Amino acid sequence: MAQRISLTRWLVEKQRVQGHLSAELRLLVEIVARACKGISHAVNKGALGGVLGSAESENVQGEVQKKLDIIANEVLIEANEWGGHLAAMASEEMDGIYLVPNRYPQGEYLLLFDPLDGSSNIDVNVSIGTIFSVLKKPEGQAGVTEQDFLQPGTRQVAAGYCIYGPQTTLVLTTGHGVAVFTLDREQGSFVLTDENVRIPADTKEFAINMSNMRHWDEPVRRYIDECLAGKDGPRGKDFNMRWIASMVADVHRILTRGGVFMYPWDKREPNKPGKLRLMYEANPMAWVVEQAGGAATNGRERILDIQPQSLHERVSVVLGSKNEVERVTAYHAK
Ligand SMILES: O=P(O)(O)OC[C@H]1O[C@](O)(COP(=O)(O)O)[C@@H](O)[C@@H]1O
Ligand SMILES: [Mg+2]
Ligand SMILES: [Mg+2]
């Protein structure tokens, strides 16, 4: 049997041999992975651990929080705050930024996360996940402000997600392709199971919440209409549809076998650019997808180029197989 490579060993090689990341960033990624392992254990307890159900509180976005949203947020903060590599954190579940307390060593990185993505799937035992993005604190200043987080996705230094499904799988990029690690529960460590992942440029599978169809904009409607017309339509082929309602799970499927994922702007809340959050959902996923040869836009421009205006900013998302994303984006330009 081929030798198994642990996440730790893989990261050390990327740091020492290939110079792909600093020692600090390596340790930060290891701590995020450790936190994900902790979240995975909590998720697995389910009803037996009393972790299901609503916490009966609301986050800054006005969404009712699930118990696991709060547990995952706390696990990530507690694991990361004393590590010495971070200056501050930001999360879907916290209004403002979280400064690393003065009693702990201060680092140079900023960590953003969606602690639990796909919250509506927690109680029904469907795959959910954690999404994370790492930025560098601007140089030459003492403190950290929210403004320091507002960097475009092109400035990410590490990003990825961990999916809690039939397997717990960590997907990571530091800008040199995409690597996949599966949690070996017996050993308690993440093991490399795929490297240099590639998303096929073409696909016959799309993911969108079809119940919003009547609210869509014309270009999205046109694209989906053409897919639905199948062999007899302008695309000349039949399409399949999947919608898991956990972005992590939909993106993971696309990474595994291709496809296009869309959560577009729609007329339900016309003043919001979309449902998904730019800084801790769209940016890390867009970078992972691009690093695997796919593409990611908001229908008009590359997601990674968007200059964020606020921490919890929302964005339209079209990502996945390159040729399909380019087609949807071209329809918006017409
Ligand atoms: O319920 P809808 O409208 O289909 O939305 C599903 C989308 O919402 C999300 O669950 C939002 O994430 P959170 O659970 O972190 O708020 C995405 O993962 C998913 O793609
Ligand atoms: Mg989410
Ligand atoms: Mg969430």
# chains A, B, ... in the order shown; residues from 1 in each chain; ligands from 1

$ residues_around --residues "Tyr263 (chain A)" --least-positions-apart "4" --cutoff "8 Å" --atoms "only C-alpha atoms" --output "PyMOL selection string"
chain A and resi 208-209+274-276+316-318

$ write_last_selection --atoms "N, CA and C atoms" --output "JSON list (two decimals), in the first residue's frame"
[["chain", "number", "residue", "atom", "x", "y", "z"],
["A", 208, "ILE", "N", -28.91, 24.99, -8.78],
["A", 208, "ILE", "CA", -29.54, 26.27, -8.48],
["A", 208, "ILE", "C", -30.82, 25.96, -7.73],
["A", 209, "ASN", "N", -31.27, 26.86, -6.86],
["A", 209, "ASN", "CA", -32.54, 26.65, -6.18],
["A", 209, "ASN", "C", -33.67, 27.04, -7.13],
["A", 274, "GLY", "N", -27.06, 39.48, -3.50],
["A", 274, "GLY", "CA", -27.19, 38.02, -3.56],
["A", 274, "GLY", "C", -27.43, 37.51, -2.16],
["A", 275, "LYS", "N", -27.42, 36.18, -1.99],
["A", 275, "LYS", "CA", -27.62, 35.62, -0.65],
["A", 275, "LYS", "C", -26.29, 35.32, 0.05],
["A", 276, "LEU", "N", -25.35, 34.82, -0.74],
["A", 276, "LEU", "CA", -24.11, 34.33, -0.12],
["A", 276, "LEU", "C", -23.17, 35.49, 0.23],
["A", 316, "SER", "N", -23.65, 37.86, -5.70],
["A", 316, "SER", "CA", -24.17, 36.80, -6.57],
["A", 316, "SER", "C", -23.04, 35.83, -6.87],
["A", 317, "VAL", "N", -23.36, 34.57, -7.03],
["A", 317, "VAL", "CA", -22.29, 33.60, -7.27],
["A", 317, "VAL", "C", -22.63, 32.69, -8.46],
["A", 318, "VAL", "N", -21.69, 32.61, -9.40],
["A", 318, "VAL", "CA", -21.74, 31.62, -10.48],
["A", 318, "VAL", "C", -20.36, 30.98, -10.50]]

$ residues_around --residues "Ala88 (chain A)" --least-positions-apart "6" --cutoff "9 Å" --atoms "only C-alpha atoms" --output "ChimeraX atom specification"
/A:81,97-101,106-112,137,144-145

$ closest_residue --among "A:Asp114, A:Val220, A:Leu172, A:Gly299" --to "ligand 2" --atoms "only C-alpha atoms and all ligand atoms"
A:Asp114

$ select_by_dssp --residues "region 215-309 of chain A" --states "alpha helix (DSSP H)" --output "PyMOL selection string"
chain A and resi 218-228+247-257+283-291

$ write_last_selection --atoms "C-alpha atoms" --output "short mmCIF file (atom, residue, chain, number, x, y, z; two decimals), in the first residue's frame"
data_model
loop_
_atom_site.label_atom_id
_atom_site.label_comp_id
_atom_site.auth_asym_id
_atom_site.auth_seq_id
_atom_site.Cartn_x
_atom_site.Cartn_y
_atom_site.Cartn_z
CA GLU A 218 -33.29 37.39 -17.58
CA PRO A 219 -29.73 36.00 -18.19
CA VAL A 220 -30.12 33.35 -15.45
CA ARG A 221 -33.57 32.38 -16.73
CA ARG A 222 -32.19 32.06 -20.26
CA TYR A 223 -29.30 29.86 -19.17
CA ILE A 224 -31.50 27.50 -17.14
CA ASP A 225 -34.23 27.42 -19.83
CA GLU A 226 -31.60 26.31 -22.34
CA CYS A 227 -30.34 23.58 -19.98
CA LEU A 228 -33.90 22.36 -19.38
CA MET A 247 -22.68 25.38 -0.61
CA VAL A 248 -19.80 23.23 0.67
CA ALA A 249 -21.49 20.05 -0.56
CA ASP A 250 -22.47 21.54 -3.93
CA VAL A 251 -18.95 22.90 -4.46
CA HIS A 252 -17.41 19.60 -3.38
CA ARG A 253 -19.46 17.73 -5.97
CA ILE A 254 -18.32 20.20 -8.63
CA LEU A 255 -14.71 19.73 -7.57
CA THR A 256 -15.18 15.98 -7.84
CA ARG A 257 -17.05 15.66 -11.15
CA ASN A 283 -14.04 34.33 -1.96
CA PRO A 284 -12.59 31.12 -0.49
CA MET A 285 -14.77 28.95 -2.74
CA ALA A 286 -13.94 31.06 -5.82
CA TRP A 287 -10.23 30.66 -5.14
CA VAL A 288 -10.49 26.90 -4.62
CA VAL A 289 -12.50 26.57 -7.84
CA GLU A 290 -10.08 28.74 -9.86
CA GLN A 291 -7.12 26.81 -8.47
#

$ select_by_dssp --residues "region 126-187 of chain A" --states "strand (DSSP E or B)" --output "list in words"
Ile128, Gly129, Thr130, Ile131, Phe132, Ser133, Val134, Leu135, Lys136, Ala158, Ala159, Gly160, Tyr161, Cys162, Ile163, Tyr164, Thr168, Thr169, Leu170, Val171, Leu172, Thr173, Val178, Ala179, Val180, Phe181, Thr182, Leu183 and Asp184 of chain A

$ residues_near_ligand --ligand "ligand 3" --cutoff "6 Å" --atoms "only C-alpha atoms and all ligand atoms" --output "PyMOL selection string"
chain A and resi 114-117+119

$ write_last_selection --atoms "N, CA and C atoms" --output "PDB file, in the first residue's frame"
ATOM      1  N   ASP A 114     -16.997  30.927   7.755  1.00  0.00           N
ATOM      2  CA  ASP A 114     -18.402  30.551   7.922  1.00  0.00           C
ATOM      3  C   ASP A 114     -18.312  29.264   8.730  1.00  0.00           C
ATOM      4  N   PRO A 115     -18.535  29.344  10.059  1.00  0.00           N
ATOM      5  CA  PRO A 115     -18.244  28.171  10.906  1.00  0.00           C
ATOM      6  C   PRO A 115     -19.043  26.939  10.518  1.00  0.00           C
ATOM      7  N   LEU A 116     -20.295  27.147  10.153  1.00  0.00           N
ATOM      8  CA  LEU A 116     -21.153  26.018   9.765  1.00  0.00           C
ATOM      9  C   LEU A 116     -21.960  26.467   8.549  1.00  0.00           C
ATOM     10  N   ASP A 117     -21.631  25.916   7.411  1.00  0.00           N
ATOM     11  CA  ASP A 117     -22.347  26.260   6.182  1.00  0.00           C
ATOM     12  C   ASP A 117     -23.396  25.193   5.895  1.00  0.00           C
ATOM     13  N   SER A 119     -26.655  25.476   7.264  1.00  0.00           N
ATOM     14  CA  SER A 119     -27.309  25.275   8.572  1.00  0.00           C
ATOM     15  C   SER A 119     -28.661  24.576   8.470  1.00  0.00           C
TER      16      SER A 119
END

$ residues_around --residues "region 189-193 of chain A" --least-positions-apart "2" --cutoff "7 Å" --atoms "only C-alpha atoms" --output "PyMOL selection string"
chain A and resi 4-7+180-185+187

$ residues_around --residues "Ala292 (chain A)" --least-positions-apart "4" --cutoff "8 Å" --atoms "only C-alpha atoms" --output "list in words"
Gly177, Val178, Asn196, Val197, Arg198, Ile199, Leu255 and Val288 of chain A

$ closest_residue --among "A:Asp305, A:Asp238, A:Glu324, A:Glu56" --to "Pro200 (chain A)" --atoms "only C-alpha atoms"
A:Glu324

$ residues_around --residues "Leu21 (chain A)" --least-positions-apart "5" --cutoff "9 Å" --atoms "only C-alpha atoms" --output "JSON, numbers by chain"
{"A": [11, 14, 15, 16, 26, 157, 158, 174]}

$ write_last_selection --atoms "C-alpha atoms" --output "mmCIF file, in the first residue's frame"
data_model
loop_
_atom_site.group_PDB
_atom_site.id
_atom_site.type_symbol
_atom_site.label_atom_id
_atom_site.label_comp_id
_atom_site.auth_asym_id
_atom_site.auth_seq_id
_atom_site.Cartn_x
_atom_site.Cartn_y
_atom_site.Cartn_z
ATOM 1 C CA LEU A 11 2.333 21.130 4.904
ATOM 2 C CA LYS A 14 5.180 22.581 1.053
ATOM 3 C CA GLN A 15 6.837 24.984 3.479
ATOM 4 C CA ARG A 16 10.418 23.640 3.642
ATOM 5 C CA ARG A 26 1.490 26.311 8.073
ATOM 6 C CA VAL A 157 -2.978 33.418 1.244
ATOM 7 C CA ALA A 158 -4.853 30.219 2.170
ATOM 8 C CA THR A 174 -2.454 28.106 -0.805
#

$ atom_distance --atom1 "atom 20 (O, counted along the ligand's line) of ligand 1" --atom2 "CA of Ala42 (chain A)"
21.8 Å

$ residues_around --residues "Val32 (chain A)" --least-positions-apart "4" --cutoff "7 Å" --atoms "only C-alpha atoms" --output "number ranges by chain"
A: 28, 36, 76

$ write_last_selection --atoms "C-alpha atoms" --output "short mmCIF file (atom, residue, chain, number, x, y, z; two decimals), in the first residue's frame"
data_model
loop_
_atom_site.label_atom_id
_atom_site.label_comp_id
_atom_site.auth_asym_id
_atom_site.auth_seq_id
_atom_site.Cartn_x
_atom_site.Cartn_y
_atom_site.Cartn_z
CA LEU A 28 -2.36 28.38 11.28
CA CYS A 36 -12.55 21.26 11.97
CA LEU A 76 -12.77 27.92 15.79
#

$ residues_around --residues "region 278-281 of chain A" --least-positions-apart "6" --cutoff "10 Å" --atoms "only C-alpha atoms" --output "MDAnalysis selection string"
chainID A and resid 90:92 111:115 117 130:134 149:153 159:161 247:248 298 303:304 306:308 310:317
